[in-house]
There are 2 protein chains.
Amino acid sequence: MVQIPDFSDVIEAAYRIESCVHHTPLFSSTTLDRMVGAEIYFKPENLQKTGSFKARGACNAVLSLTEAEANCGVATHSSGNHAQAIAYAAQLRGVQATIVMPEDAPSVKVAAVKEYGATIVWAGPHPLERERQLELVVGETGATFVHPSNDLQVIAGQGTAALELLEDIVLVSTRPPDIILVPVGGGGLLSGTALAVAGRDRGTRTIGVEPEMVDDAARSFRDGRIYPPTGAVTVADGLRTFLGDVNFPLIRRHVSDILTVTEQGIIVAMRLIWERLKLVVEPSSAVPVAALFEHPEVFKGQRVGIVLSGGNVDLTDLTWW
Amino acid sequence: MVQIPDFSDVIEAAYRIESCVHHTPLFSSTTLDRMVGAEIYFKPENLQKTGSFKARGACNAVLSLTEAEANCGVATHSSGNHAQAIAYAAQLRGVQATIVMPEDAPSVKVAAVKEYGATIVWAGPHPLERERQLELVVGETGATFVHPSNDLQVIAGQGTAALELLEDIVLVSTRPPDIILVPVGGGGLLSGTALAVAGRDRGTRTIGVEPEMVDDAARSFRDGRIYPPTGAVTVADGLRTFLGDVNFPLIRRHVSDILTVTEQGIIVAMRLIWERLKLVVEPSSAVPVAALFEHPEVFKGQRVGIVLSGGNVDLTDLTWW
């Protein structure tokens, strides 16, 4: 029996993780507002601990463990932001973290995970190899597996970003946003956001955005069944994962729509964020911003809150250095 | 007779420009703190209106004009952040701005100045050609020349960043910083900062940092006379200007030291800011950060506030697009 989180889990998460994560500020740009013809508020989770919103879900999951569970540690497989987030959360609580990473993971991400004191177990590049390794780790240590997106406490934790965004937009503009916009990969952020927004019940709609190259979530949403990943390559490489049985019911119930955007649109939006907001963001963060330009009819005249998901990009190739 | 600003001019500036500029937030990074062995607070003026602290001085200068002066407009020569700042300030007050720009100015900066409705007058690349053009504009229109760094109201306006930084560090850590660190180019930011810090009188020292390739300010400070620019090229191209008779007396009186840093140090520091603080900053912003690593004996164990001066970099060359 799958346990689905409800709004009270998001509120509980907000209290639980308060001292472990940043309440990130609101950003806005009069130029971007004018370009889109809308009132847009950005929540820069690239400024979050570990460089992405994933710190929220990971902290909530790790801090929710019983003492007995914590003593056996936590484990996950990820080459990206979830790996750093779990390593960070585990270090905070003082529990052992084991991260199964593909042998070809970027060295900067490997270094970040090691910095937080986590143990790395290598696996081949195929997802099945990583799952097999993870099973071995869990079998040997009794560690709790914290899934990157299909886990009750992770979803509740990710929802806390939208809670803050809703509150802060009301503080600044006296009215709640019409739309909250987030990227969709595995569905943890989207389902948590939708849960928070529905729970606050201020008439705000939650919309997810996905690269059209990996549009499995949009098709799943439309057809009412979870499709596997397309396997295609997108510049927003954090979004190649697929929905799960914990988050999908929430997405079906509380999300208004899932839009798709082109690769070119993502690149252009990313440059706009770097140039206008002066923020280093990863391509996944640009995905909802691209939707503002590729689906203008949805956003014209609206008050829109956008979660910029993270800022962990490899800067090695930039010509500056 | 040169009019030198005093602390009351900085306080007045803070009230005058309050609704025209952002009170930028504090940023910090536990990783950077650990690397340096200090407690470091960053004030990201790249997030300021027009993308740099120059909006402060420009707004203060333009809002300080009498009605009669305002009716004749303002003029300046600049290919950089001061041009955008003056154009922005003039648009806010509804006065005419004329900016003398070199013909080889980056198109992105030209576009920004035009966006704010300023008139551009072209001049050859040599500084003397720009000054000659500016004299013609001022002669014809009666516009007030607002110097980028050697102007009483500009200096007072730039000092407001340090006022906020001092207050915000006390709010966060209950104690004032030991050191405030800013880059030095023409000396407007450094003299305004020193004035604000001295006026607050909390035992904080003001230190300027300059690329060693263009060390005229450090030598001027040491020898008590203003040296001309070295003419050398530095990656921190916003800092190639030199001190003036309004700001130099303030720098001599209130600044503790001017340090220099290498080009390599600036590049490494810039990458650190992009990677760790997730902020798009221009090389000038990295200059004080480079000093943390090249002069560690000065900063070890200290509470340090740093003004990140701006974020207007040309991103065209980045491999992403």
# chains A, B, ... in the order shown; residues from 1 in each chain; ligands from 1
>>> interface_residues(of="chain B", to="chain A", cutoff="9 Å", atoms="only C-alpha atoms", output="number ranges by chain")
B: 25, 46-47, 51, 264, 267-268, 270-271, 274-281, 311-315, 317-321
>>> residues_around(residues="Gly186 in chain A", least_positions_apart="5", cutoff="7 Å", atoms="only C-alpha atoms", output="PyMOL selection string")
chain A and resi 149+239+241-243
>>> select_by_dssp(residues="range 99-290 of chain B", states="strand (DSSP E or B)", output="number ranges by chain")
B: 99-102, 119-123, 144-145, 179-183, 205-211, 255-261, 279
>>> write_last_selection(atoms="N, CA and C atoms", output="JSON list (two decimals), in the first residue's frame")
[["chain", "number", "residue", "atom", "x", "y", "z"],
["B", 99, "ILE", "N", 24.92, 60.49, -23.01],
["B", 99, "ILE", "CA", 26.08, 59.67, -22.63],
["B", 99, "ILE", "C", 27.05, 59.65, -23.79],
["B", 100, "VAL", "N", 28.27, 60.11, -23.54],
["B", 100, "VAL", "CA", 29.32, 60.01, -24.55],
["B", 100, "VAL", "C", 29.96, 58.63, -24.41],
["B", 101, "MET", "N", 29.86, 57.85, -25.49],
["B", 101, "MET", "CA", 30.40, 56.48, -25.46],
["B", 101, "MET", "C", 31.42, 56.30, -26.57],
["B", 102, "PRO", "N", 32.44, 55.49, -26.34],
["B", 102, "PRO", "CA", 33.39, 55.20, -27.41],
["B", 102, "PRO", "C", 32.72, 54.35, -28.49],
["B", 119, "THR", "N", 20.31, 59.64, -24.67],
["B", 119, "THR", "CA", 20.89, 59.96, -25.97],
["B", 119, "THR", "C", 22.36, 59.57, -25.95],
["B", 120, "ILE", "N", 22.82, 58.89, -26.99],
["B", 120, "ILE", "CA", 24.22, 58.50, -27.07],
["B", 120, "ILE", "C", 24.94, 59.40, -28.06],
["B", 121, "VAL", "N", 26.09, 59.93, -27.65],
["B", 121, "VAL", "CA", 26.95, 60.68, -28.55],
["B", 121, "VAL", "C", 28.25, 59.89, -28.67],
["B", 122, "TRP", "N", 28.63, 59.61, -29.91],
["B", 122, "TRP", "CA", 29.80, 58.76, -30.12],
["B", 122, "TRP", "C", 31.09, 59.56, -30.09],
["B", 123, "ALA", "N", 32.15, 58.93, -29.63],
["B", 123, "ALA", "CA", 33.47, 59.55, -29.63],
["B", 123, "ALA", "C", 34.50, 58.48, -29.97],
["B", 144, "THR", "N", 24.36, 69.10, -16.65],
["B", 144, "THR", "CA", 25.30, 68.92, -15.54],
["B", 144, "THR", "C", 26.12, 67.65, -15.79],
["B", 145, "PHE", "N", 27.43, 67.80, -15.74],
["B", 145, "PHE", "CA", 28.32, 66.63, -15.89],
["B", 145, "PHE", "C", 28.38, 65.88, -14.56],
["B", 179, "ILE", "N", 36.48, 44.31, 9.05],
["B", 179, "ILE", "CA", 36.99, 44.89, 7.80],
["B", 179, "ILE", "C", 35.87, 44.98, 6.77],
["B", 180, "ILE", "N", 35.82, 46.10, 6.04],
["B", 180, "ILE", "CA", 34.99, 46.19, 4.83],
["B", 180, "ILE", "C", 35.95, 46.29, 3.65],
["B", 181, "LEU", "N", 35.69, 45.46, 2.64],
["B", 181, "LEU", "CA", 36.61, 45.28, 1.53],
["B", 181, "LEU", "C", 35.89, 45.63, 0.23],
["B", 182, "VAL", "N", 36.46, 46.56, -0.55],
["B", 182, "VAL", "CA", 35.84, 46.93, -1.84],
["B", 182, "VAL", "C", 36.93, 47.07, -2.90],
["B", 183, "PRO", "N", 36.54, 46.92, -4.18],
["B", 183, "PRO", "CA", 37.50, 47.17, -5.25],
["B", 183, "PRO", "C", 37.74, 48.67, -5.43],
["B", 205, "ARG", "N", 37.63, 48.61, 9.84],
["B", 205, "ARG", "CA", 38.62, 49.18, 8.92],
["B", 205, "ARG", "C", 38.14, 49.03, 7.48],
["B", 206, "THR", "N", 38.42, 50.03, 6.65],
["B", 206, "THR", "CA", 38.11, 49.96, 5.22],
["B", 206, "THR", "C", 39.38, 49.67, 4.45],
["B", 207, "ILE", "N", 39.34, 48.63, 3.63],
["B", 207, "ILE", "CA", 40.50, 48.26, 2.81],
["B", 207, "ILE", "C", 40.06, 48.20, 1.34],
["B", 208, "GLY", "N", 40.85, 48.81, 0.47],
["B", 208, "GLY", "CA", 40.60, 48.75, -0.96],
["B", 208, "GLY", "C", 41.46, 47.69, -1.61],
["B", 209, "VAL", "N", 41.01, 47.14, -2.73],
["B", 209, "VAL", "CA", 41.79, 46.13, -3.46],
["B", 209, "VAL", "C", 41.80, 46.49, -4.95],
["B", 210, "GLU", "N", 42.95, 46.32, -5.54],
["B", 210, "GLU", "CA", 43.19, 46.75, -6.91],
["B", 210, "GLU", "C", 43.99, 45.67, -7.64],
["B", 211, "PRO", "N", 43.77, 45.48, -8.95],
["B", 211, "PRO", "CA", 44.64, 44.56, -9.70],
["B", 211, "PRO", "C", 46.06, 45.11, -9.72],
["B", 255, "VAL", "N", 40.92, 55.37, 4.82],
["B", 255, "VAL", "CA", 41.19, 54.00, 4.35],
["B", 255, "VAL", "C", 42.41, 53.45, 5.07],
["B", 256, "SER", "N", 42.34, 52.18, 5.51],
["B", 256, "SER", "CA", 43.46, 51.57, 6.24],
["B", 256, "SER", "C", 44.57, 51.12, 5.31],
["B", 257, "ASP", "N", 44.19, 50.58, 4.16],
["B", 257, "ASP", "CA", 45.21, 50.05, 3.26],
["B", 257, "ASP", "C", 44.60, 49.80, 1.88],
["B", 258, "ILE", "N", 45.46, 49.76, 0.87],
["B", 258, "ILE", "CA", 45.04, 49.32, -0.47],
["B", 258, "ILE", "C", 45.94, 48.16, -0.86],
["B", 259, "LEU", "N", 45.35, 46.99, -1.05],
["B", 259, "LEU", "CA", 46.09, 45.78, -1.41],
["B", 259, "LEU", "C", 46.00, 45.56, -2.92],
["B", 260, "THR", "N", 46.95, 44.81, -3.46],
["B", 260, "THR", "CA", 46.86, 44.46, -4.88],
["B", 260, "THR", "C", 46.79, 42.94, -5.05],
["B", 261, "VAL", "N", 46.21, 42.52, -6.16],
["B", 261, "VAL", "CA", 46.04, 41.09, -6.45],
["B", 261, "VAL", "C", 46.42, 40.80, -7.89],
["B", 279, "LEU", "N", 26.36, 33.36, -8.22],
["B", 279, "LEU", "CA", 26.11, 34.72, -8.69],
["B", 279, "LEU", "C", 26.94, 35.03, -9.93]]
>>> closest_residue(among="A:Asp151, A:Glu129, A:Glu212, A:Glu67", to="Phe248 in chain A", atoms="only C-alpha atoms")
A:Asp151
>>> select_by_dssp(residues="range 248-318 of chain A", states="helix (DSSP H, G or I)", output="JSON, numbers by chain")
{"A": [248, 249, 250, 251, 252, 253, 254, 263, 264, 265, 266, 267, 268, 269, 270, 271, 272, 273, 274, 275, 276, 277, 283, 284, 285, 286, 287, 288, 289, 290, 291, 292, 293, 294, 296, 297, 298, 299]}
>>> write_last_selection(atoms="N, CA and C atoms", output="CSV table (one decimal), in the first residue's frame")
chain,number,residue,atom,x,y,z
A,248,PHE,N,2.5,10.5,-8.5
A,248,PHE,CA,1.6,10.6,-9.7
A,248,PHE,C,0.1,10.9,-9.3
A,249,PRO,N,-0.4,10.2,-8.2
A,249,PRO,CA,-1.8,10.6,-7.8
A,249,PRO,C,-1.9,12.0,-7.4
A,250,LEU,N,-0.9,12.6,-6.8
A,250,LEU,CA,-0.9,14.0,-6.4
A,250,LEU,C,-0.9,14.9,-7.6
A,251,ILE,N,-0.1,14.6,-8.6
A,251,ILE,CA,0.0,15.4,-9.8
A,251,ILE,C,-1.3,15.3,-10.5
A,252,ARG,N,-1.9,14.2,-10.6
A,252,ARG,CA,-3.2,14.0,-11.3
A,252,ARG,C,-4.3,14.9,-10.6
A,253,ARG,N,-4.3,14.9,-9.3
A,253,ARG,CA,-5.3,15.5,-8.5
A,253,ARG,C,-5.2,17.1,-8.5
A,254,HIS,N,-3.9,17.5,-8.3
A,254,HIS,CA,-3.7,18.9,-7.9
A,254,HIS,C,-3.0,19.8,-9.0
A,263,GLU,N,14.3,22.7,-26.8
A,263,GLU,CA,15.7,22.8,-26.3
A,263,GLU,C,16.2,24.3,-26.5
A,264,GLN,N,15.9,24.9,-27.7
A,264,GLN,CA,16.3,26.2,-28.0
A,264,GLN,C,15.7,27.2,-26.9
A,265,GLY,N,14.5,27.0,-26.6
A,265,GLY,CA,13.8,27.8,-25.7
A,265,GLY,C,14.4,27.8,-24.3
A,266,ILE,N,14.9,26.6,-23.9
A,266,ILE,CA,15.6,26.4,-22.6
A,266,ILE,C,16.9,27.2,-22.6
A,267,ILE,N,17.6,27.1,-23.7
A,267,ILE,CA,18.9,27.8,-23.7
A,267,ILE,C,18.7,29.3,-23.7
A,268,VAL,N,17.8,29.8,-24.4
A,268,VAL,CA,17.5,31.3,-24.4
A,268,VAL,C,17.1,31.7,-23.1
A,269,ALA,N,16.2,30.9,-22.4
A,269,ALA,CA,15.7,31.3,-21.1
A,269,ALA,C,16.9,31.3,-20.1
A,270,MET,N,17.8,30.3,-20.2
A,270,MET,CA,18.9,30.2,-19.3
A,270,MET,C,19.8,31.5,-19.4
A,271,ARG,N,20.0,31.9,-20.6
A,271,ARG,CA,20.8,33.1,-20.8
A,271,ARG,C,20.1,34.3,-20.2
A,272,LEU,N,18.8,34.4,-20.4
A,272,LEU,CA,18.1,35.5,-19.8
A,272,LEU,C,18.2,35.6,-18.3
A,273,ILE,N,18.2,34.4,-17.7
A,273,ILE,CA,18.3,34.4,-16.2
A,273,ILE,C,19.7,34.8,-15.8
A,274,TRP,N,20.7,34.3,-16.5
A,274,TRP,CA,22.1,34.7,-16.1
A,274,TRP,C,22.3,36.2,-16.3
A,275,GLU,N,21.7,36.7,-17.5
A,275,GLU,CA,22.0,38.1,-17.8
A,275,GLU,C,21.1,39.1,-17.0
A,276,ARG,N,19.9,38.8,-16.8
A,276,ARG,CA,19.0,39.7,-16.2
A,276,ARG,C,18.9,39.5,-14.6
A,277,LEU,N,18.8,38.3,-14.2
A,277,LEU,CA,18.7,38.1,-12.7
A,277,LEU,C,20.1,37.9,-12.1
A,283,PRO,N,20.4,24.3,-16.4
A,283,PRO,CA,19.3,24.3,-17.4
A,283,PRO,C,17.9,23.9,-16.9
A,284,SER,N,17.8,23.0,-16.0
A,284,SER,CA,16.5,22.6,-15.5
A,284,SER,C,15.7,23.8,-14.9
A,285,SER,N,16.5,24.8,-14.3
A,285,SER,CA,15.8,26.0,-13.8
A,285,SER,C,15.2,26.8,-14.9
A,286,ALA,N,15.8,26.7,-16.1
A,286,ALA,CA,15.3,27.6,-17.2
A,286,ALA,C,14.1,27.0,-17.9
A,287,VAL,N,13.8,25.8,-17.6
A,287,VAL,CA,12.6,25.1,-18.2
A,287,VAL,C,11.3,25.9,-18.0
A,288,PRO,N,10.9,26.2,-16.7
A,288,PRO,CA,9.7,26.9,-16.6
A,288,PRO,C,9.8,28.3,-17.1
A,289,VAL,N,10.9,28.9,-17.1
A,289,VAL,CA,11.1,30.3,-17.7
A,289,VAL,C,10.9,30.3,-19.2
A,290,ALA,N,11.3,29.2,-19.9
A,290,ALA,CA,11.1,29.0,-21.3
A,290,ALA,C,9.6,29.0,-21.6
A,291,ALA,N,8.8,28.4,-20.7
A,291,ALA,CA,7.4,28.3,-20.9
A,291,ALA,C,6.7,29.7,-21.0
A,292,LEU,N,7.3,30.7,-20.3
A,292,LEU,CA,6.7,32.0,-20.4
A,292,LEU,C,6.7,32.5,-21.8
A,293,PHE,N,7.7,32.1,-22.6
A,293,PHE,CA,7.9,32.7,-23.9
A,293,PHE,C,7.2,31.8,-25.0
A,294,GLU,N,7.2,30.4,-24.7
A,294,GLU,CA,6.6,29.5,-25.7
A,294,GLU,C,5.1,29.3,-25.5
A,296,PRO,N,2.8,32.0,-24.3
A,296,PRO,CA,2.5,33.4,-23.7
A,296,PRO,C,1.0,33.5,-23.4
A,297,GLU,N,0.2,32.8,-24.1
A,297,GLU,CA,-1.3,33.0,-23.8
A,297,GLU,C,-1.6,32.5,-22.4
A,298,VAL,N,-0.8,31.6,-21.8
A,298,VAL,CA,-1.2,31.1,-20.5
A,298,VAL,C,-0.8,32.1,-19.4
A,299,PHE,N,0.2,33.0,-19.7
A,299,PHE,CA,0.8,33.8,-18.6
A,299,PHE,C,0.5,35.3,-18.7
